[in-house]
$ cat final_0.cif   # mmCIF, C-alpha atoms
data_query
loop_
_atom_site.label_atom_id
_atom_site.label_comp_id
_atom_site.auth_asym_id
_atom_site.auth_seq_id
_atom_site.Cartn_x
_atom_site.Cartn_y
_atom_site.Cartn_z
CA MET A 1 -20.68 6.52 -15.82
CA THR A 2 -17.04 7.18 -16.73
CA GLU A 3 -16.42 3.50 -15.95
CA GLY A 4 -18.96 2.48 -18.59
CA TRP A 5 -22.10 2.05 -16.50
CA SER A 6 -25.32 3.05 -18.27
CA ALA A 7 -27.11 6.21 -17.10
CA PHE A 8 -30.26 4.07 -16.77
CA VAL A 9 -28.48 1.62 -14.45
CA VAL A 10 -27.17 4.50 -12.31
CA ALA A 11 -30.69 5.98 -12.18
CA PHE A 12 -32.14 2.55 -11.30
CA TYR A 13 -29.92 2.11 -8.25
CA ARG A 14 -30.57 5.66 -7.11
CA GLY A 15 -34.33 4.95 -7.16
CA ALA A 16 -34.19 1.36 -5.89
CA ILE A 17 -32.15 2.28 -2.82
CA GLY A 18 -34.47 5.26 -2.29
CA LEU A 19 -37.37 2.78 -2.37
CA LEU A 20 -35.87 0.87 0.57
CA PHE A 21 -35.72 4.07 2.61
CA VAL A 22 -39.30 5.15 1.94
CA LEU A 23 -40.52 1.60 2.59
CA ALA A 24 -38.90 1.81 6.03
CA TRP A 25 -40.48 5.25 6.52
CA LEU A 26 -43.91 3.83 5.62
CA ALA A 27 -43.40 0.86 7.96
CA LEU A 28 -42.53 3.19 10.84
CA ARG A 29 -45.44 5.57 10.11
CA PRO A 30 -48.20 3.55 8.37
CA GLY A 31 -51.10 5.71 9.53
CA GLY A 32 -53.19 7.48 6.90
CA SER A 33 -51.31 5.88 4.02
CA GLY A 34 -54.34 5.88 1.70
CA LEU A 35 -53.08 2.79 -0.11
CA ALA A 36 -56.66 1.64 -0.60
CA ASN A 37 -57.48 4.80 -2.59
CA ARG A 38 -57.45 4.42 -6.38
CA ARG A 39 -56.72 8.11 -6.98
CA LEU A 40 -53.65 7.88 -4.76
CA TRP A 41 -52.36 5.00 -6.90
CA PHE A 42 -53.09 6.76 -10.20
CA TRP A 43 -51.34 10.01 -9.32
CA SER A 44 -48.51 8.22 -7.54
CA VAL A 45 -47.86 6.23 -10.72
CA VAL A 46 -47.79 9.51 -12.65
CA ALA A 47 -45.28 10.82 -10.09
CA GLY A 48 -43.25 7.64 -10.56
CA LEU A 49 -43.11 8.13 -14.34
CA GLY A 50 -41.95 11.69 -13.71
CA VAL A 51 -39.18 10.79 -11.27
CA ALA A 52 -38.02 7.92 -13.53
CA GLY A 53 -37.67 10.37 -16.41
CA ASN A 54 -36.05 12.97 -14.18
CA PHE A 55 -33.33 10.63 -12.88
CA SER A 56 -32.63 9.13 -16.32
CA PHE A 57 -32.53 12.34 -18.36
CA TYR A 58 -30.51 14.09 -15.66
CA PHE A 59 -27.72 11.51 -15.84
CA LEU A 60 -27.87 11.44 -19.64
CA SER A 61 -27.47 15.23 -19.64
CA ILE A 62 -24.45 14.96 -17.32
CA ALA A 63 -22.89 12.36 -19.64
CA GLU A 64 -23.37 14.60 -22.69
CA GLY A 65 -22.50 17.91 -21.02
CA SER A 66 -21.62 18.70 -17.42
CA VAL A 67 -23.06 18.58 -13.92
CA ALA A 68 -23.48 22.37 -13.87
CA VAL A 69 -25.44 22.51 -17.13
CA ALA A 70 -27.59 19.47 -16.30
CA ALA A 71 -28.47 20.74 -12.80
CA THR A 72 -29.35 24.22 -14.01
CA LEU A 73 -31.48 22.97 -16.91
CA MET A 74 -33.34 20.66 -14.54
CA TYR A 75 -33.98 23.69 -12.33
CA CYS A 76 -36.18 25.03 -15.15
CA ALA A 77 -38.93 22.66 -13.93
CA PRO A 78 -41.09 25.46 -12.43
CA VAL A 79 -41.27 27.06 -15.88
CA PHE A 80 -42.69 23.84 -17.32
CA VAL A 81 -45.16 23.71 -14.43
CA TYR A 82 -46.37 27.20 -15.34
CA LEU A 83 -46.64 26.43 -19.05
CA VAL A 84 -48.68 23.29 -18.35
CA SER A 85 -50.80 25.24 -15.85
CA PHE A 86 -51.44 27.92 -18.48
CA ALA A 87 -52.50 25.27 -21.00
CA LEU A 88 -54.83 23.58 -18.49
CA LYS A 89 -56.08 26.98 -17.24
CA LEU A 90 -54.92 26.20 -13.71
CA GLU A 91 -52.90 29.44 -13.62
CA ARG A 92 -53.61 32.85 -15.08
CA PRO A 93 -50.85 34.29 -17.30
CA ALA A 94 -49.37 37.50 -15.96
CA PRO A 95 -46.67 39.84 -17.34
CA ILE A 96 -44.22 38.99 -14.56
CA LYS A 97 -44.60 35.28 -15.30
CA TRP A 98 -43.91 35.76 -19.01
CA VAL A 99 -40.89 37.95 -18.21
CA ALA A 100 -39.50 35.20 -15.98
CA ILE A 101 -40.06 32.58 -18.69
CA VAL A 102 -38.26 34.74 -21.28
CA MET A 103 -35.40 35.26 -18.82
CA VAL A 104 -35.09 31.49 -18.40
CA ILE A 105 -34.92 31.04 -22.18
CA VAL A 106 -32.19 33.69 -22.41
CA GLY A 107 -30.36 32.00 -19.55
CA ILE A 108 -30.56 28.63 -21.31
CA VAL A 109 -29.06 30.15 -24.47
CA LEU A 110 -26.16 31.63 -22.47
CA LEU A 111 -25.63 28.54 -20.33
CA THR A 112 -25.63 25.97 -23.11
CA GLY A 113 -23.90 28.11 -25.74
CA ILE A 114 -26.26 26.94 -28.47
CA TYR A 115 -25.37 30.12 -30.38
CA ASP A 116 -21.81 28.75 -30.76
CA ILE A 117 -21.56 26.34 -33.68
CA SER A 118 -18.01 25.21 -32.83
CA PRO A 119 -17.63 21.51 -31.98
CA GLY A 120 -17.26 20.24 -28.43
CA GLY A 121 -18.80 21.40 -25.18
CA VAL A 122 -22.47 20.75 -24.53
CA THR A 123 -24.20 18.66 -27.19
CA PRO A 124 -27.76 19.27 -28.41
CA PHE A 125 -28.67 15.88 -26.93
CA GLY A 126 -27.27 16.97 -23.56
CA VAL A 127 -29.33 20.17 -23.69
CA GLY A 128 -32.46 18.25 -24.67
CA ALA A 129 -31.92 15.66 -21.94
CA GLY A 130 -31.46 18.41 -19.33
CA LEU A 131 -34.70 20.11 -20.36
CA LEU A 132 -36.52 16.77 -20.39
CA ALA A 133 -35.21 16.17 -16.86
CA GLY A 134 -36.87 19.45 -15.87
CA LEU A 135 -40.09 18.51 -17.66
CA SER A 136 -40.09 15.09 -15.98
CA TYR A 137 -39.60 16.76 -12.60
CA ALA A 138 -42.61 18.97 -13.36
CA ILE A 139 -44.64 15.80 -14.03
CA PHE A 140 -43.49 14.43 -10.68
CA ILE A 141 -44.57 17.67 -8.98
CA PHE A 142 -48.05 17.47 -10.54
CA GLY A 143 -48.40 13.79 -9.68
CA PHE A 144 -47.31 14.29 -6.09
CA LYS A 145 -49.53 17.37 -5.69
CA TYR A 146 -52.69 15.55 -6.84
CA ALA A 147 -51.85 12.37 -4.88
CA ALA A 148 -51.15 14.21 -1.61
CA PRO A 149 -54.82 14.77 -0.57
CA HIS A 150 -55.47 11.02 -0.78
CA GLY A 151 -52.66 9.62 1.37
CA SER A 152 -49.34 10.08 3.14
CA PRO A 153 -46.12 11.31 1.46
CA GLN A 154 -44.31 8.08 2.30
CA ALA A 155 -47.01 5.98 0.61
CA ILE A 156 -46.86 8.17 -2.51
CA LEU A 157 -43.06 7.89 -2.66
CA VAL A 158 -43.19 4.10 -2.18
CA ILE A 159 -45.45 3.73 -5.22
CA ALA A 160 -43.46 6.29 -7.23
CA PHE A 161 -40.09 4.65 -6.53
CA ALA A 162 -41.55 1.18 -7.19
CA VAL A 163 -42.72 2.38 -10.62
CA LEU A 164 -39.28 3.91 -11.24
CA SER A 165 -37.53 0.66 -10.28
CA ALA A 166 -39.78 -1.41 -12.54
CA ILE A 167 -39.30 0.87 -15.56
CA LEU A 168 -35.54 1.42 -15.22
CA GLY A 169 -34.96 -2.21 -14.25
CA TRP A 170 -36.41 -3.15 -17.64
CA VAL A 171 -34.69 -0.37 -19.61
CA GLY A 172 -31.32 -0.78 -17.90
CA GLY A 173 -31.18 -4.52 -18.50
CA SER A 174 -30.76 -7.22 -15.87
CA GLY A 175 -27.18 -7.98 -16.97
CA GLN A 176 -25.63 -4.65 -15.93
CA ILE A 177 -27.90 -4.31 -12.90
CA VAL A 178 -26.74 -7.66 -11.49
CA ALA A 179 -23.13 -6.98 -12.47
CA VAL A 180 -23.07 -3.88 -10.24
CA LEU A 181 -23.40 -6.04 -7.12
CA SER A 182 -20.07 -7.77 -7.77
CA SER A 183 -18.20 -4.76 -9.13
CA SER A 184 -15.80 -2.41 -7.35
CA ALA A 185 -18.18 0.48 -8.10
CA TRP A 186 -21.01 -0.73 -5.85
CA PRO A 187 -20.08 1.65 -2.96
CA LEU A 188 -20.58 4.61 -5.32
CA PHE A 189 -24.02 3.28 -6.28
CA ALA A 190 -24.86 2.83 -2.59
CA VAL A 191 -23.81 6.39 -1.69
CA LEU A 192 -25.76 7.78 -4.65
CA GLY A 193 -28.91 5.94 -3.58
CA VAL A 194 -28.65 6.79 0.12
CA VAL A 195 -27.76 10.48 -0.30
CA GLY A 196 -29.35 11.17 -3.68
CA ALA A 197 -32.75 9.59 -3.09
CA GLY A 198 -33.20 7.88 0.27
CA LEU A 199 -32.34 10.68 2.69
CA SER A 200 -32.78 13.66 0.36
CA PHE A 201 -36.42 12.97 -0.54
CA ILE A 202 -37.37 12.29 3.08
CA PHE A 203 -35.62 15.47 4.31
CA TYR A 204 -37.22 17.43 1.47
CA ILE A 205 -40.77 16.31 2.28
CA VAL A 206 -40.33 16.74 6.04
CA GLY A 207 -38.66 20.14 5.55
CA LEU A 208 -41.57 21.45 3.52
CA ASN A 209 -43.81 21.00 6.55
CA TYR A 210 -41.66 23.45 8.54
CA THR A 211 -40.70 25.95 5.83
CA ALA A 212 -42.67 28.75 4.20
CA PRO A 213 -43.04 28.28 0.42
CA ALA A 214 -41.15 31.51 -0.34
CA VAL A 215 -38.24 30.45 1.86
CA ALA A 216 -38.21 26.98 0.29
CA SER A 217 -38.02 28.56 -3.16
CA ILE A 218 -34.97 30.61 -2.17
CA VAL A 219 -33.26 27.65 -0.49
CA ALA A 220 -33.83 25.61 -3.66
CA MET A 221 -31.36 27.95 -5.39
CA VAL A 222 -28.59 26.15 -3.50
CA GLU A 223 -29.05 22.92 -5.49
CA PRO A 224 -27.73 23.95 -8.91
CA VAL A 225 -25.09 26.20 -7.33
CA THR A 226 -23.66 23.42 -5.16
CA ALA A 227 -23.87 20.98 -8.08
CA SER A 228 -21.95 23.42 -10.25
CA LEU A 229 -19.29 23.98 -7.58
CA PHE A 230 -18.96 20.21 -7.19
CA GLY A 231 -18.51 19.81 -10.94
CA VAL A 232 -15.86 22.54 -11.11
CA VAL A 233 -13.92 21.63 -7.94
CA VAL A 234 -14.17 17.84 -7.86
CA LEU A 235 -14.75 16.84 -11.50
CA GLU A 236 -12.55 19.63 -12.90
CA GLU A 237 -15.26 20.92 -15.22
CA THR A 238 -15.03 24.47 -16.54
CA LEU A 239 -17.57 27.25 -16.95
CA GLY A 240 -17.12 30.29 -19.16
CA PRO A 241 -18.33 33.78 -18.20
CA PHE A 242 -21.40 33.49 -20.46
CA GLN A 243 -22.32 30.16 -18.86
CA VAL A 244 -22.02 31.66 -15.37
CA ALA A 245 -24.19 34.59 -16.51
CA GLY A 246 -26.76 32.15 -17.89
CA MET A 247 -26.86 30.25 -14.60
CA VAL A 248 -27.41 33.47 -12.66
CA VAL A 249 -30.22 34.59 -15.00
CA ILE A 250 -32.01 31.22 -14.71
CA LEU A 251 -31.65 31.06 -10.93
CA LEU A 252 -32.91 34.61 -10.45
CA ALA A 253 -35.85 34.12 -12.84
CA VAL A 254 -37.01 30.78 -11.44
CA THR A 255 -36.59 31.79 -7.81
CA GLY A 256 -38.35 35.11 -8.39
CA LEU A 257 -41.18 33.27 -10.14
CA SER A 258 -41.52 30.83 -7.25
CA VAL A 259 -41.45 33.57 -4.60
CA TYR A 260 -44.03 35.62 -6.55
CA SER A 261 -46.29 32.56 -6.77
CA SER A 262 -45.92 31.89 -3.03
CA VAL A 263 -46.76 35.49 -2.14
CA GLN A 264 -49.82 35.44 -4.42
CA ARG A 265 -51.11 32.30 -2.69
CA THR A 266 -50.47 33.54 0.87
CA PRO A 267 -53.74 34.71 2.47
CA VAL A 268 -53.77 38.23 3.86
CA ASP A 269 -54.70 38.47 7.56
#
$ encode --input "final_0.cif" --output "structure tokens"
Amino acid sequence: MTEGWSAFVVAFYRGAIGLLFVLAWLALRPGGSGLANRRLWFWSVVAGLGVAGNFSFYFLSIAEGSVAVAATLMYCAPVFVYLVSFALKLERPAPIKWVAIVMVIVGIVLLTGIYDISPGGVTPFGVGAGLLAGLSYAIFIFGFKYAAPHGSPQAILVIAFAVLSAILGWVGGSGQIVAVLSSSAWPLFAVLGVVGAGLSFIFYIVGLNYTAPAVASIVAMVEPVTASLFGVVVLEETLGPFQVAGMVVILLAVTGLSVYSSVQRTPVD
């Protein structure tokens, strides 16, 4: 993006290359795909809209702020899931859940520094894009969850990534998308697609089958931490003490909320 490539074009290639990987996965394991099921298609399209928004808003947030802020704001997705679940009466509100949500809000204030009116740093647009990335990820989670009973994960991801590619291919514009193929930046796009969507989504789905939900919630803490370290060490971004405190508060609140939810759903022998 520092070379002038649109965030939508970057997001398009991340999803399009990911699509090639999940297509290969589906070709190798076509059994029980459920592609003839209308509900699978509907919810997979919803998941596709969510992942398209997640990729796009995430990169927009990075462009307007930093990797650390964008990754941590996106990690607020479980909070959005709870709020939507409360509204749809899929989850019962509980004091510990509200405490966690308030902690996340406090963490966001510390992380983004919205109390500081001085110019520079994270822009309101960057904050909004980061939160929308989290909301979009929550939509993806809902879509994937409701599509899962009707088909295989690889079939759901194929439809979702195809929807993403269609939407971002239109938004990004054919000019820049074609220009990438003859530019010196194409290896970066390839690495982003392979590591950031192709392999990561497959490993994530497969890993969930062998990991307890509570453990997966704790391991998920690594994502914003490693992203932040990458931003500081490689991209030479800086984080103030209040921002670090905000990150810690958000990570503790969201992980605690996820672990609590997993424990509540675990049947007692």
$ resolve_selection --input "final_0.cif" --expression "the PyMOL selection byres ((chain A and resi 174-182) around 10)" --output "PyMOL selection string"
chain A and resi 5-6+8-10+12-13+168-173+183-187+189
$ resolve_selection --input "final_0.cif" --expression "the PyMOL selection byres ((chain A and resi 240) around 12)" --output "JSON, numbers by chain"
{"A": [68, 69, 110, 111, 112, 113, 121, 232, 237, 238, 239, 241, 242, 243, 244, 245, 246, 247]}
$ closest_residue --input "final_0.cif" --among "A:Ile62, A:Leu157, A:Ala52, A:Ile17" --to "Ile139 in chain A" --atoms "only C-alpha atoms"
A:Ala52
$ closest_residue --input "final_0.cif" --among "A:Ile167, A:Leu131, A:Val254, A:Val99" --to "Val79 in chain A" --atoms "all atoms listed in the file"
A:Val254
$ residues_near_point --input "final_0.cif" --point "(-33.6, 29.0, -22.0)" --cutoff "12 Å" --atoms "all atoms listed in the file" --output "MDAnalysis selection string"
chainID A and resid 69 72:77 79:80 100:115 127:128 130:131 134 243 246:247 249:251 253:254
$ atom_distance --input "final_0.cif" --atom1 "CA of Tyr137 in chain A" --atom2 "CA of Gly31 in chain A"
27.3 Å
$ atom_distance --input "final_0.cif" --atom1 "CA of Phe21 in chain A" --atom2 "CA of Gly198 in chain A"
5.1 Å
$ atom_distance --input "final_0.cif" --atom1 "CA of Pro224 in chain A" --atom2 "CA of Val67 in chain A"
8.7 Å
$ closest_residue --input "final_0.cif" --among "A:Val81, A:Leu135, A:Ala155, A:Leu188" --to "Asn37 in chain A" --atoms "all atoms listed in the file"
A:Ala155
